[in-house]
Amino acid sequence: MRKGVFYGVGVGPGDPELMTLKAVRLLERCRVVAAPQTKNGEMLALRIAAGAVDLKGKTVVPLSFSMNRDPAVLEQTHQRAARTVAEFLDRGEDVAMLNLGDVSIYATCSYLAELLRGQGYETVMIAGVPSFCASAARLGVSLTEMNQGLHILPGSADTEAALALPGTKVLMKSGQQLPTILHSLESRGLLAESMLVENCGLPGEAVYQDLSRERPPEHTGYFATLIVRR
C-alpha cells in the first residue's frame with residue numbers, strides 16, 4: 001500500500017496574502033492538515049491558512065509542542081508528533097503540516113521531517129515568507145547592501161556577541177529578552193539604527209521605525225522581530 005507524503009508548508013508570518021500559490025494549491029489538495037496547537041488551544045498557523053484556503057471538510061490534526069528548552073523534553077514531543085502524523089501516512093494519506101514563516105528557519109516541522117525521513121517516509125518542504133523579510137518590507141528597508149553581511153539569530157542568543165557582528169543583525173522572537181537587548185543597544189549607541197516589528201501581519205501589529213525615538217513596552221509579545229542595520 002502506498003504511504004502518504006509529509007509536506008512541511010510555510011504559511012508566512014501572518015498575512016494570508018503572503019502565502020505562496022504553491023502552498024495554497026497543496027493545502028487545497030491535501031485532506032489532512034496538521035498544525036501546532038498551544039496549551040490554550042490556539043492554532044495560529046491554521047488560522048492564517050484558513051484566510052487563504054477553504055479548510056472545510058479536511059481532517060485537522062492538532063500537534064502539541066513543548067516550549068521547554070531541555071533537549072530530552074523536546075525530543076519526546078517531536079517523537080510524539082511524528083507518531084501522530086505517521087498514523088495518517090501509513091493509511092496512504094498525505095499530510096500537510098503548517099509552519100509559521102518559512103520551513104527552513106527555526107521551524108518545528110523540520111524536526112518532524114527529519115524524524116519521518118529517517119523512518120522511510122517521503123518528505124517535501126514548501127517554502128514560505130520569513131517573518132524577518134516581511135518585517136523589513138513593512139519597515140520599508142533593505143536588510144543588505146552589496147558585500148554586507150546578514151546575521152539571523154534567535155532572541156535568546158548572546159546579545160553582546162550578536163551586536164558585535166558586522167553587517168545587519170536580525171533577532172527573531174526577541175520579546176522576552178527585549179529589556180536586555182534594549183539596554184545593550186543603548187549602551188552601544190545603536191538605538192537609532194534599530195527597529196522592531198511585533199506581530200507582523202497579525203492583529204495587534206506594532207511597528208517601531210526608530211528605537212531611539214519610540215520604545216516598545218518591555219513585555220512585547222513573542223513574535224517580535226528586531227533589526228539592527230549597520
# chains A, B, ... in the order shown; residues from 1 in each chain; ligands from 1
>>> closest_atom_pairs(of="stretch 91-141 of chain A", to="stretch 182-206 of chain A", cutoff="9 Å", atoms="only C-alpha atoms", output="tab-separated table")
residue	atom	partner	partner_atom	distance
A:Ser131	CA	A:Cys200	CA	7.1
A:Phe132	CA	A:Val197	CA	8.9
A:Ala134	CA	A:Cys200	CA	7.1
A:Ser135	CA	A:Val197	CA	6.0
A:Ala136	CA	A:Val197	CA	8.5
A:Arg138	CA	A:Cys200	CA	7.9
A:Leu139	CA	A:Val197	CA	7.9
>>> write_last_selection(atoms="N, CA, C and O atoms", output="mmCIF file, in the first residue's frame")
data_model
loop_
_atom_site.group_PDB
_atom_site.id
_atom_site.type_symbol
_atom_site.label_atom_id
_atom_site.label_comp_id
_atom_site.auth_asym_id
_atom_site.auth_seq_id
_atom_site.Cartn_x
_atom_site.Cartn_y
_atom_site.Cartn_z
ATOM 1 N N SER A 131 9.505 35.743 8.542
ATOM 2 C CA SER A 131 9.000 36.909 9.273
ATOM 3 C C SER A 131 9.941 38.104 9.173
ATOM 4 O O SER A 131 9.487 39.254 9.108
ATOM 5 N N PHE A 132 11.257 37.845 9.130
ATOM 6 C CA PHE A 132 12.171 38.991 9.093
ATOM 7 C C PHE A 132 12.140 39.681 7.729
ATOM 8 O O PHE A 132 12.348 40.898 7.644
ATOM 9 N N ALA A 134 9.338 39.851 5.845
ATOM 10 C CA ALA A 134 8.081 40.603 5.893
ATOM 11 C C ALA A 134 8.234 41.841 6.776
ATOM 12 O O ALA A 134 7.683 42.907 6.460
ATOM 13 N N SER A 135 8.967 41.707 7.871
ATOM 14 C CA SER A 135 9.168 42.851 8.773
ATOM 15 C C SER A 135 9.977 43.950 8.092
ATOM 16 O O SER A 135 9.664 45.142 8.221
ATOM 17 N N ALA A 136 11.025 43.566 7.359
ATOM 18 C CA ALA A 136 11.829 44.562 6.648
ATOM 19 C C ALA A 136 10.983 45.284 5.607
ATOM 20 O O ALA A 136 11.081 46.511 5.443
ATOM 21 N N ARG A 138 7.749 45.694 5.754
ATOM 22 C CA ARG A 138 6.811 46.550 6.497
ATOM 23 C C ARG A 138 7.497 47.843 6.927
ATOM 24 O O ARG A 138 6.873 48.914 6.950
ATOM 25 N N LEU A 139 8.768 47.750 7.276
ATOM 26 C CA LEU A 139 9.532 48.926 7.695
ATOM 27 C C LEU A 139 10.005 49.745 6.499
ATOM 28 O O LEU A 139 10.443 50.891 6.659
#
>>> select_by_dssp(residues="chain A", states="strand (DSSP E)", output="PDB file with N, CA, C and O atoms, in the first residue's frame")
ATOM      1  N   PHE A   6       4.677  13.460   3.634  1.00  0.00           N
ATOM      2  CA  PHE A   6       4.641  14.530   4.632  1.00  0.00           C
ATOM      3  C   PHE A   6       5.119  15.821   3.983  1.00  0.00           C
ATOM      4  O   PHE A   6       6.222  15.902   3.454  1.00  0.00           O
ATOM      5  N   TYR A   7       4.262  16.834   4.029  1.00  0.00           N
ATOM      6  CA  TYR A   7       4.609  18.150   3.489  1.00  0.00           C
ATOM      7  C   TYR A   7       4.735  19.151   4.633  1.00  0.00           C
ATOM      8  O   TYR A   7       3.799  19.323   5.416  1.00  0.00           O
ATOM      9  N   GLY A   8       5.878  19.811   4.725  1.00  0.00           N
ATOM     10  CA  GLY A   8       6.023  20.943   5.630  1.00  0.00           C
ATOM     11  C   GLY A   8       5.694  22.199   4.842  1.00  0.00           C
ATOM     12  O   GLY A   8       6.331  22.467   3.807  1.00  0.00           O
ATOM     13  N   VAL A   9       4.703  22.951   5.289  1.00  0.00           N
ATOM     14  CA  VAL A   9       4.193  24.073   4.499  1.00  0.00           C
ATOM     15  C   VAL A   9       4.367  25.382   5.251  1.00  0.00           C
ATOM     16  O   VAL A   9       3.757  25.596   6.313  1.00  0.00           O
ATOM     17  N   GLY A  10       5.174  26.285   4.725  1.00  0.00           N
ATOM     18  CA  GLY A  10       5.323  27.606   5.319  1.00  0.00           C
ATOM     19  C   GLY A  10       4.129  28.479   4.981  1.00  0.00           C
ATOM     20  O   GLY A  10       3.779  28.619   3.805  1.00  0.00           O
ATOM     21  N   VAL A  32      -5.593  16.031   4.853  1.00  0.00           N
ATOM     22  CA  VAL A  32      -5.176  16.041   6.263  1.00  0.00           C
ATOM     23  C   VAL A  32      -4.223  17.210   6.490  1.00  0.00           C
ATOM     24  O   VAL A  32      -3.197  17.328   5.816  1.00  0.00           O
ATOM     25  N   VAL A  33      -4.578  18.078   7.443  1.00  0.00           N
ATOM     26  CA  VAL A  33      -3.767  19.255   7.753  1.00  0.00           C
ATOM     27  C   VAL A  33      -3.384  19.208   9.225  1.00  0.00           C
ATOM     28  O   VAL A  33      -4.256  19.166  10.105  1.00  0.00           O
ATOM     29  N   ALA A  34      -2.099  19.185   9.491  1.00  0.00           N
ATOM     30  CA  ALA A  34      -1.597  19.189  10.872  1.00  0.00           C
ATOM     31  C   ALA A  34      -1.121  20.595  11.213  1.00  0.00           C
ATOM     32  O   ALA A  34      -0.575  21.299  10.352  1.00  0.00           O
ATOM     33  N   ALA A  35      -1.342  21.006  12.468  1.00  0.00           N
ATOM     34  CA  ALA A  35      -0.947  22.360  12.868  1.00  0.00           C
ATOM     35  C   ALA A  35      -0.574  22.385  14.341  1.00  0.00           C
ATOM     36  O   ALA A  35      -1.209  21.713  15.162  1.00  0.00           O
ATOM     37  N   PRO A  36       0.470  23.144  14.685  1.00  0.00           N
ATOM     38  CA  PRO A  36       0.826  23.295  16.101  1.00  0.00           C
ATOM     39  C   PRO A  36      -0.310  23.928  16.886  1.00  0.00           C
ATOM     40  O   PRO A  36      -1.003  24.819  16.384  1.00  0.00           O
ATOM     41  N   GLN A  37      -0.481  23.463  18.116  1.00  0.00           N
ATOM     42  CA  GLN A  37      -1.526  23.989  18.992  1.00  0.00           C
ATOM     43  C   GLN A  37      -0.915  24.348  20.339  1.00  0.00           C
ATOM     44  O   GLN A  37      -0.166  23.561  20.923  1.00  0.00           O
ATOM     45  N   THR A  59      -9.455  16.990   7.546  1.00  0.00           N
ATOM     46  CA  THR A  59      -9.122  16.475   8.873  1.00  0.00           C
ATOM     47  C   THR A  59      -8.010  17.333   9.451  1.00  0.00           C
ATOM     48  O   THR A  59      -6.916  17.404   8.890  1.00  0.00           O
ATOM     49  N   VAL A  60      -8.299  18.021  10.546  1.00  0.00           N
ATOM     50  CA  VAL A  60      -7.305  18.876  11.193  1.00  0.00           C
ATOM     51  C   VAL A  60      -6.697  18.117  12.374  1.00  0.00           C
ATOM     52  O   VAL A  60      -7.423  17.638  13.257  1.00  0.00           O
ATOM     53  N   VAL A  61      -5.385  18.011  12.370  1.00  0.00           N
ATOM     54  CA  VAL A  61      -4.669  17.266  13.403  1.00  0.00           C
ATOM     55  C   VAL A  61      -3.865  18.239  14.261  1.00  0.00           C
ATOM     56  O   VAL A  61      -2.849  18.774  13.811  1.00  0.00           O
ATOM     57  N   PRO A  62      -4.301  18.519  15.496  1.00  0.00           N
ATOM     58  CA  PRO A  62      -3.528  19.408  16.377  1.00  0.00           C
ATOM     59  C   PRO A  62      -2.270  18.700  16.877  1.00  0.00           C
ATOM     60  O   PRO A  62      -2.308  17.522  17.244  1.00  0.00           O
ATOM     61  N   LEU A  63      -1.170  19.415  16.898  1.00  0.00           N
ATOM     62  CA  LEU A  63       0.091  18.879  17.406  1.00  0.00           C
ATOM     63  C   LEU A  63       0.597  19.788  18.521  1.00  0.00           C
ATOM     64  O   LEU A  63       0.694  21.002  18.337  1.00  0.00           O
ATOM     65  N   SER A  64       0.891  19.200  19.655  1.00  0.00           N
ATOM     66  CA  SER A  64       1.366  19.975  20.800  1.00  0.00           C
ATOM     67  C   SER A  64       2.882  19.863  20.910  1.00  0.00           C
ATOM     68  O   SER A  64       3.436  18.766  20.826  1.00  0.00           O
ATOM     69  N   VAL A  95      -0.046  14.342   4.361  1.00  0.00           N
ATOM     70  CA  VAL A  95      -0.263  15.249   5.490  1.00  0.00           C
ATOM     71  C   VAL A  95       0.489  16.544   5.237  1.00  0.00           C
ATOM     72  O   VAL A  95       1.694  16.536   4.965  1.00  0.00           O
ATOM     73  N   ALA A  96      -0.222  17.668   5.333  1.00  0.00           N
ATOM     74  CA  ALA A  96       0.401  18.986   5.215  1.00  0.00           C
ATOM     75  C   ALA A  96       0.499  19.583   6.608  1.00  0.00           C
ATOM     76  O   ALA A  96      -0.514  19.862   7.242  1.00  0.00           O
ATOM     77  N   MET A  97       1.728  19.759   7.096  1.00  0.00           N
ATOM     78  CA  MET A  97       1.916  20.383   8.398  1.00  0.00           C
ATOM     79  C   MET A  97       2.223  21.862   8.205  1.00  0.00           C
ATOM     80  O   MET A  97       3.149  22.238   7.477  1.00  0.00           O
ATOM     81  N   LEU A  98       1.442  22.701   8.862  1.00  0.00           N
ATOM     82  CA  LEU A  98       1.598  24.143   8.739  1.00  0.00           C
ATOM     83  C   LEU A  98       2.705  24.650   9.649  1.00  0.00           C
ATOM     84  O   LEU A  98       2.861  24.186  10.774  1.00  0.00           O
ATOM     85  N   ASN A  99       3.454  25.608   9.139  1.00  0.00           N
ATOM     86  CA  ASN A  99       4.545  26.181   9.915  1.00  0.00           C
ATOM     87  C   ASN A  99       4.580  27.686   9.686  1.00  0.00           C
ATOM     88  O   ASN A  99       4.538  28.148   8.547  1.00  0.00           O
ATOM     89  N   THR A 123       9.311  13.075   2.364  1.00  0.00           N
ATOM     90  CA  THR A 123       9.013  14.394   2.923  1.00  0.00           C
ATOM     91  C   THR A 123       9.323  15.468   1.892  1.00  0.00           C
ATOM     92  O   THR A 123      10.290  15.357   1.133  1.00  0.00           O
ATOM     93  N   VAL A 124       8.500  16.490   1.871  1.00  0.00           N
ATOM     94  CA  VAL A 124       8.667  17.606   0.937  1.00  0.00           C
ATOM     95  C   VAL A 124       8.469  18.909   1.711  1.00  0.00           C
ATOM     96  O   VAL A 124       7.536  19.018   2.517  1.00  0.00           O
ATOM     97  N   MET A 125       9.321  19.889   1.474  1.00  0.00           N
ATOM     98  CA  MET A 125       9.223  21.162   2.167  1.00  0.00           C
ATOM     99  C   MET A 125       8.764  22.252   1.194  1.00  0.00           C
ATOM    100  O   MET A 125       9.312  22.391   0.089  1.00  0.00           O
ATOM    101  N   ILE A 126       7.753  23.029   1.606  1.00  0.00           N
ATOM    102  CA  ILE A 126       7.205  24.112   0.801  1.00  0.00           C
ATOM    103  C   ILE A 126       7.577  25.439   1.457  1.00  0.00           C
ATOM    104  O   ILE A 126       7.122  25.740   2.561  1.00  0.00           O
ATOM    105  N   LEU A 150      24.622  39.542   6.663  1.00  0.00           N
ATOM    106  CA  LEU A 150      23.311  39.484   7.311  1.00  0.00           C
ATOM    107  C   LEU A 150      23.322  38.318   8.284  1.00  0.00           C
ATOM    108  O   LEU A 150      23.612  37.185   7.905  1.00  0.00           O
ATOM    109  N   HIS A 151      22.987  38.594   9.542  1.00  0.00           N
ATOM    110  CA  HIS A 151      23.012  37.578  10.588  1.00  0.00           C
ATOM    111  C   HIS A 151      21.605  37.381  11.144  1.00  0.00           C
ATOM    112  O   HIS A 151      20.985  38.335  11.622  1.00  0.00           O
ATOM    113  N   ILE A 152      21.109  36.160  11.061  1.00  0.00           N
ATOM    114  CA  ILE A 152      19.785  35.818  11.575  1.00  0.00           C
ATOM    115  C   ILE A 152      19.982  35.025  12.860  1.00  0.00           C
ATOM    116  O   ILE A 152      20.558  33.934  12.846  1.00  0.00           O
ATOM    117  N   LEU A 153      19.492  35.568  13.969  1.00  0.00           N
ATOM    118  CA  LEU A 153      19.753  34.967  15.277  1.00  0.00           C
ATOM    119  C   LEU A 153      18.468  34.888  16.098  1.00  0.00           C
ATOM    120  O   LEU A 153      17.569  35.718  15.931  1.00  0.00           O
ATOM    121  N   PRO A 154      18.374  33.901  16.989  1.00  0.00           N
ATOM    122  CA  PRO A 154      17.227  33.875  17.906  1.00  0.00           C
ATOM    123  C   PRO A 154      17.392  34.955  18.958  1.00  0.00           C
ATOM    124  O   PRO A 154      18.520  35.342  19.303  1.00  0.00           O
ATOM    125  N   THR A 168      24.130  43.678   9.092  1.00  0.00           N
ATOM    126  CA  THR A 168      22.791  43.745   9.680  1.00  0.00           C
ATOM    127  C   THR A 168      22.541  42.547  10.572  1.00  0.00           C
ATOM    128  O   THR A 168      22.876  41.409  10.224  1.00  0.00           O
ATOM    129  N   LYS A 169      21.934  42.820  11.731  1.00  0.00           N
ATOM    130  CA  LYS A 169      21.571  41.744  12.663  1.00  0.00           C
ATOM    131  C   LYS A 169      20.053  41.674  12.774  1.00  0.00           C
ATOM    132  O   LYS A 169      19.387  42.696  12.902  1.00  0.00           O
ATOM    133  N   VAL A 170      19.527  40.458  12.714  1.00  0.00           N
ATOM    134  CA  VAL A 170      18.102  40.226  12.926  1.00  0.00           C
ATOM    135  C   VAL A 170      17.960  39.316  14.136  1.00  0.00           C
ATOM    136  O   VAL A 170      18.531  38.214  14.168  1.00  0.00           O
ATOM    137  N   LEU A 171      17.215  39.767  15.141  1.00  0.00           N
ATOM    138  CA  LEU A 171      16.954  38.960  16.333  1.00  0.00           C
ATOM    139  C   LEU A 171      15.490  38.569  16.309  1.00  0.00           C
ATOM    140  O   LEU A 171      14.601  39.409  16.481  1.00  0.00           O
ATOM    141  N   MET A 172      15.229  37.282  16.071  1.00  0.00           N
ATOM    142  CA  MET A 172      13.867  36.793  15.932  1.00  0.00           C
ATOM    143  C   MET A 172      13.308  36.344  17.275  1.00  0.00           C
ATOM    144  O   MET A 172      14.034  35.871  18.140  1.00  0.00           O
ATOM    145  N   SER A 194      18.218  50.864  15.045  1.00  0.00           N
ATOM    146  CA  SER A 194      17.448  49.665  15.367  1.00  0.00           C
ATOM    147  C   SER A 194      15.957  49.910  15.181  1.00  0.00           C
ATOM    148  O   SER A 194      15.459  51.001  15.429  1.00  0.00           O
ATOM    149  N   MET A 195      15.254  48.872  14.772  1.00  0.00           N
ATOM    150  CA  MET A 195      13.807  48.954  14.549  1.00  0.00           C
ATOM    151  C   MET A 195      13.188  47.615  14.904  1.00  0.00           C
ATOM    152  O   MET A 195      13.878  46.596  14.972  1.00  0.00           O
ATOM    153  N   LEU A 196      11.894  47.621  15.126  1.00  0.00           N
ATOM    154  CA  LEU A 196      11.232  46.407  15.593  1.00  0.00           C
ATOM    155  C   LEU A 196       9.817  46.338  15.036  1.00  0.00           C
ATOM    156  O   LEU A 196       9.132  47.356  14.931  1.00  0.00           O
ATOM    157  N   VAL A 197       9.403  45.126  14.677  1.00  0.00           N
ATOM    158  CA  VAL A 197       8.022  44.878  14.291  1.00  0.00           C
ATOM    159  C   VAL A 197       7.492  43.745  15.164  1.00  0.00           C
ATOM    160  O   VAL A 197       8.109  42.682  15.269  1.00  0.00           O
ATOM    161  N   GLU A 198       6.370  44.006  15.803  1.00  0.00           N
ATOM    162  CA  GLU A 198       5.711  42.992  16.629  1.00  0.00           C
ATOM    163  C   GLU A 198       4.467  42.495  15.907  1.00  0.00           C
ATOM    164  O   GLU A 198       3.704  43.275  15.345  1.00  0.00           O
ATOM    165  N   ALA A 206       2.478  46.018  15.596  1.00  0.00           N
ATOM    166  CA  ALA A 206       3.053  47.292  16.052  1.00  0.00           C
ATOM    167  C   ALA A 206       4.400  47.479  15.371  1.00  0.00           C
ATOM    168  O   ALA A 206       5.200  46.541  15.301  1.00  0.00           O
ATOM    169  N   VAL A 207       4.637  48.676  14.860  1.00  0.00           N
ATOM    170  CA  VAL A 207       5.856  48.978  14.115  1.00  0.00           C
ATOM    171  C   VAL A 207       6.617  50.094  14.813  1.00  0.00           C
ATOM    172  O   VAL A 207       6.052  51.162  15.097  1.00  0.00           O
ATOM    173  N   TYR A 208       7.898  49.860  15.082  1.00  0.00           N
ATOM    174  CA  TYR A 208       8.759  50.851  15.723  1.00  0.00           C
ATOM    175  C   TYR A 208       9.924  51.120  14.772  1.00  0.00           C
ATOM    176  O   TYR A 208      10.857  50.317  14.669  1.00  0.00           O
ATOM    177  N   ALA A 224       8.195  39.064  18.028  1.00  0.00           N
ATOM    178  CA  ALA A 224       8.829  40.369  17.862  1.00  0.00           C
ATOM    179  C   ALA A 224      10.134  40.172  17.086  1.00  0.00           C
ATOM    180  O   ALA A 224      10.971  39.357  17.471  1.00  0.00           O
ATOM    181  N   THR A 225      10.277  40.906  16.000  1.00  0.00           N
ATOM    182  CA  THR A 225      11.482  40.818  15.174  1.00  0.00           C
ATOM    183  C   THR A 225      12.228  42.141  15.233  1.00  0.00           C
ATOM    184  O   THR A 225      11.678  43.185  14.863  1.00  0.00           O
ATOM    185  N   LEU A 226      13.454  42.097  15.714  1.00  0.00           N
ATOM    186  CA  LEU A 226      14.273  43.299  15.866  1.00  0.00           C
ATOM    187  C   LEU A 226      15.368  43.303  14.809  1.00  0.00           C
ATOM    188  O   LEU A 226      16.023  42.283  14.587  1.00  0.00           O
ATOM    189  N   ILE A 227      15.519  44.441  14.144  1.00  0.00           N
ATOM    190  CA  ILE A 227      16.521  44.588  13.081  1.00  0.00           C
ATOM    191  C   ILE A 227      17.472  45.720  13.446  1.00  0.00           C
ATOM    192  O   ILE A 227      17.035  46.823  13.779  1.00  0.00           O
ATOM    193  N   VAL A 228      18.768  45.417  13.390  1.00  0.00           N
ATOM    194  CA  VAL A 228      19.808  46.417  13.646  1.00  0.00           C
ATOM    195  C   VAL A 228      20.608  46.553  12.351  1.00  0.00           C
ATOM    196  O   VAL A 228      21.285  45.604  11.941  1.00  0.00           O
TER     197      VAL A 228
END
>>> residues_around(residues="stretch 45-54 of chain A", least_positions_apart="5", cutoff="7 Å", atoms="only C-alpha atoms", output="list in words")
Val11, Gly14, Asp15, Pro16, Glu17, Val24, Glu28, Ala35, Leu98, Asn99 and Leu100 of chain A
>>> atom_distance(atom1="atom CA of A:Ala86", atom2="atom CA of A:Phe65")
16.4 Å
>>> residues_around(residues="stretch 73-76 of chain A", least_positions_apart="3", cutoff="12 Å", atoms="only C-alpha atoms", output="list of chain:residue names")
A:Ser64, A:Phe65, A:Ser66, A:Met67, A:Asn68, A:Arg69, A:Asp70, A:Gln79, A:Arg80, A:Ala81, A:Ala82, A:Arg83, A:Thr108, A:Tyr111, A:Leu112, A:Glu114, A:Leu115
>>> write_last_selection(atoms="N, CA, C and O atoms", output="CSV table (one decimal), in the first residue's frame")
chain,number,residue,atom,x,y,z
A,64,SER,N,0.9,19.2,19.7
A,64,SER,CA,1.4,20.0,20.8
A,64,SER,C,2.9,19.9,20.9
A,64,SER,O,3.4,18.8,20.8
A,65,PHE,N,3.5,21.0,21.1
A,65,PHE,CA,5.0,21.0,21.2
A,65,PHE,C,5.3,21.8,22.5
A,65,PHE,O,4.7,22.8,22.8
A,66,SER,N,6.4,21.3,23.2
A,66,SER,CA,6.8,21.9,24.4
A,66,SER,C,7.7,23.1,24.2
A,66,SER,O,8.4,23.2,23.2
A,67,MET,N,7.5,24.2,25.0
A,67,MET,CA,8.4,25.3,24.9
A,67,MET,C,9.6,25.1,25.8
A,67,MET,O,10.5,26.0,25.9
A,68,ASN,N,9.7,24.0,26.5
A,68,ASN,CA,10.9,23.7,27.3
A,68,ASN,C,12.1,23.5,26.4
A,68,ASN,O,12.1,22.9,25.4
A,69,ARG,N,13.2,24.1,26.9
A,69,ARG,CA,14.5,24.0,26.1
A,69,ARG,C,15.3,22.8,26.4
A,69,ARG,O,16.3,22.6,25.8
A,70,ASP,N,14.8,21.9,27.3
A,70,ASP,CA,15.5,20.7,27.6
A,70,ASP,C,15.5,19.8,26.3
A,70,ASP,O,14.4,19.4,25.9
A,79,GLN,N,9.0,13.3,18.8
A,79,GLN,CA,8.7,11.9,18.5
A,79,GLN,C,7.2,11.6,18.6
A,79,GLN,O,6.6,10.9,17.8
A,80,ARG,N,6.5,12.2,19.6
A,80,ARG,CA,5.1,12.0,19.8
A,80,ARG,C,4.3,12.6,18.6
A,80,ARG,O,3.4,11.9,18.0
A,81,ALA,N,4.7,13.8,18.1
A,81,ALA,CA,4.0,14.4,17.0
A,81,ALA,C,4.3,13.6,15.7
A,81,ALA,O,3.4,13.4,14.9
A,82,ALA,N,5.5,13.1,15.6
A,82,ALA,CA,5.9,12.3,14.4
A,82,ALA,C,5.0,11.0,14.4
A,82,ALA,O,4.6,10.6,13.3
A,83,ARG,N,4.8,10.4,15.5
A,83,ARG,CA,4.0,9.2,15.6
A,83,ARG,C,2.5,9.5,15.2
A,83,ARG,O,1.9,8.7,14.5
A,108,THR,N,9.6,24.1,13.5
A,108,THR,CA,9.3,22.9,14.1
A,108,THR,C,9.1,21.7,13.1
A,108,THR,O,9.5,20.6,13.4
A,111,TYR,N,12.0,19.4,12.2
A,111,TYR,CA,12.4,18.3,13.1
A,111,TYR,C,11.5,17.0,12.8
A,111,TYR,O,12.0,15.9,12.8
A,112,LEU,N,10.2,17.2,12.5
A,112,LEU,CA,9.4,16.1,12.2
A,112,LEU,C,9.8,15.5,10.9
A,112,LEU,O,9.8,14.3,10.7
A,114,GLU,N,12.7,15.4,9.5
A,114,GLU,CA,13.9,14.6,9.7
A,114,GLU,C,13.6,13.3,10.3
A,114,GLU,O,14.1,12.2,9.9
A,115,LEU,N,12.7,13.3,11.4
A,115,LEU,CA,12.4,12.0,12.0
A,115,LEU,C,11.6,11.1,11.0
A,115,LEU,O,12.0,9.9,10.9
>>> atom_distance(atom1="atom CA of A:Glu218", atom2="atom CA of A:Ser156")
15.3 Å
>>> atom_distance(atom1="atom CA of A:Met1", atom2="atom CA of A:Ala113")
20.9 Å
>>> select_by_dssp(residues="stretch 2-206 of chain A", states="alpha helix (DSSP H)", output="ChimeraX atom specification")
/A:21-29,44-50,71-89,108-118,131-139,159-163,178-187
>>> decode(residues="stretch 18-35 of chain A", atoms="N, CA and C atoms", output="PDB file, in the first residue's frame")
ATOM      1  N   LEU A  18       0.306  36.622   2.009  1.00  0.00           N
ATOM      2  CA  LEU A  18       1.722  36.324   1.804  1.00  0.00           C
ATOM      3  C   LEU A  18       1.985  34.834   1.614  1.00  0.00           C
ATOM      4  N   MET A  19       0.953  34.026   1.676  1.00  0.00           N
ATOM      5  CA  MET A  19       1.130  32.604   1.392  1.00  0.00           C
ATOM      6  C   MET A  19       1.383  32.407  -0.098  1.00  0.00           C
ATOM      7  N   THR A  20       2.247  31.473  -0.437  1.00  0.00           N
ATOM      8  CA  THR A  20       2.574  31.243  -1.839  1.00  0.00           C
ATOM      9  C   THR A  20       1.452  30.477  -2.541  1.00  0.00           C
ATOM     10  N   LEU A  21       1.398  30.607  -3.857  1.00  0.00           N
ATOM     11  CA  LEU A  21       0.426  29.842  -4.640  1.00  0.00           C
ATOM     12  C   LEU A  21       0.652  28.348  -4.456  1.00  0.00           C
ATOM     13  N   LYS A  22       1.921  27.954  -4.352  1.00  0.00           N
ATOM     14  CA  LYS A  22       2.236  26.533  -4.179  1.00  0.00           C
ATOM     15  C   LYS A  22       1.674  26.015  -2.867  1.00  0.00           C
ATOM     16  N   ALA A  23       1.807  26.803  -1.802  1.00  0.00           N
ATOM     17  CA  ALA A  23       1.274  26.396  -0.503  1.00  0.00           C
ATOM     18  C   ALA A  23      -0.247  26.293  -0.553  1.00  0.00           C
ATOM     19  N   VAL A  24      -0.885  27.273  -1.180  1.00  0.00           N
ATOM     20  CA  VAL A  24      -2.344  27.271  -1.275  1.00  0.00           C
ATOM     21  C   VAL A  24      -2.835  26.059  -2.058  1.00  0.00           C
ATOM     22  N   ARG A  25      -2.226  25.780  -3.192  1.00  0.00           N
ATOM     23  CA  ARG A  25      -2.652  24.656  -4.026  1.00  0.00           C
ATOM     24  C   ARG A  25      -2.452  23.324  -3.308  1.00  0.00           C
ATOM     25  N   LEU A  26      -1.355  23.227  -2.568  1.00  0.00           N
ATOM     26  CA  LEU A  26      -1.107  21.981  -1.841  1.00  0.00           C
ATOM     27  C   LEU A  26      -2.153  21.778  -0.750  1.00  0.00           C
ATOM     28  N   LEU A  27      -2.466  22.834  -0.018  1.00  0.00           N
ATOM     29  CA  LEU A  27      -3.457  22.723   1.051  1.00  0.00           C
ATOM     30  C   LEU A  27      -4.848  22.431   0.491  1.00  0.00           C
ATOM     31  N   GLU A  28      -5.132  22.942  -0.687  1.00  0.00           N
ATOM     32  CA  GLU A  28      -6.416  22.626  -1.314  1.00  0.00           C
ATOM     33  C   GLU A  28      -6.496  21.141  -1.654  1.00  0.00           C
ATOM     34  N   ARG A  29      -5.356  20.556  -1.975  1.00  0.00           N
ATOM     35  CA  ARG A  29      -5.341  19.144  -2.383  1.00  0.00           C
ATOM     36  C   ARG A  29      -5.296  18.179  -1.199  1.00  0.00           C
ATOM     37  N   CYS A  30      -4.528  18.520  -0.159  1.00  0.00           N
ATOM     38  CA  CYS A  30      -4.348  17.607   0.976  1.00  0.00           C
ATOM     39  C   CYS A  30      -5.621  17.538   1.820  1.00  0.00           C
ATOM     40  N   ARG A  31      -6.005  16.329   2.198  1.00  0.00           N
ATOM     41  CA  ARG A  31      -7.207  16.165   3.030  1.00  0.00           C
ATOM     42  C   ARG A  31      -6.882  16.204   4.513  1.00  0.00           C
ATOM     43  N   VAL A  32      -5.593  16.031   4.853  1.00  0.00           N
ATOM     44  CA  VAL A  32      -5.176  16.041   6.263  1.00  0.00           C
ATOM     45  C   VAL A  32      -4.223  17.210   6.490  1.00  0.00           C
ATOM     46  N   VAL A  33      -4.578  18.078   7.443  1.00  0.00           N
ATOM     47  CA  VAL A  33      -3.767  19.255   7.753  1.00  0.00           C
ATOM     48  C   VAL A  33      -3.384  19.208   9.225  1.00  0.00           C
ATOM     49  N   ALA A  34      -2.099  19.185   9.491  1.00  0.00           N
ATOM     50  CA  ALA A  34      -1.597  19.189  10.872  1.00  0.00           C
ATOM     51  C   ALA A  34      -1.121  20.595  11.213  1.00  0.00           C
ATOM     52  N   ALA A  35      -1.342  21.006  12.468  1.00  0.00           N
ATOM     53  CA  ALA A  35      -0.947  22.360  12.868  1.00  0.00           C
ATOM     54  C   ALA A  35      -0.574  22.385  14.341  1.00  0.00           C
TER      55      ALA A  35
END
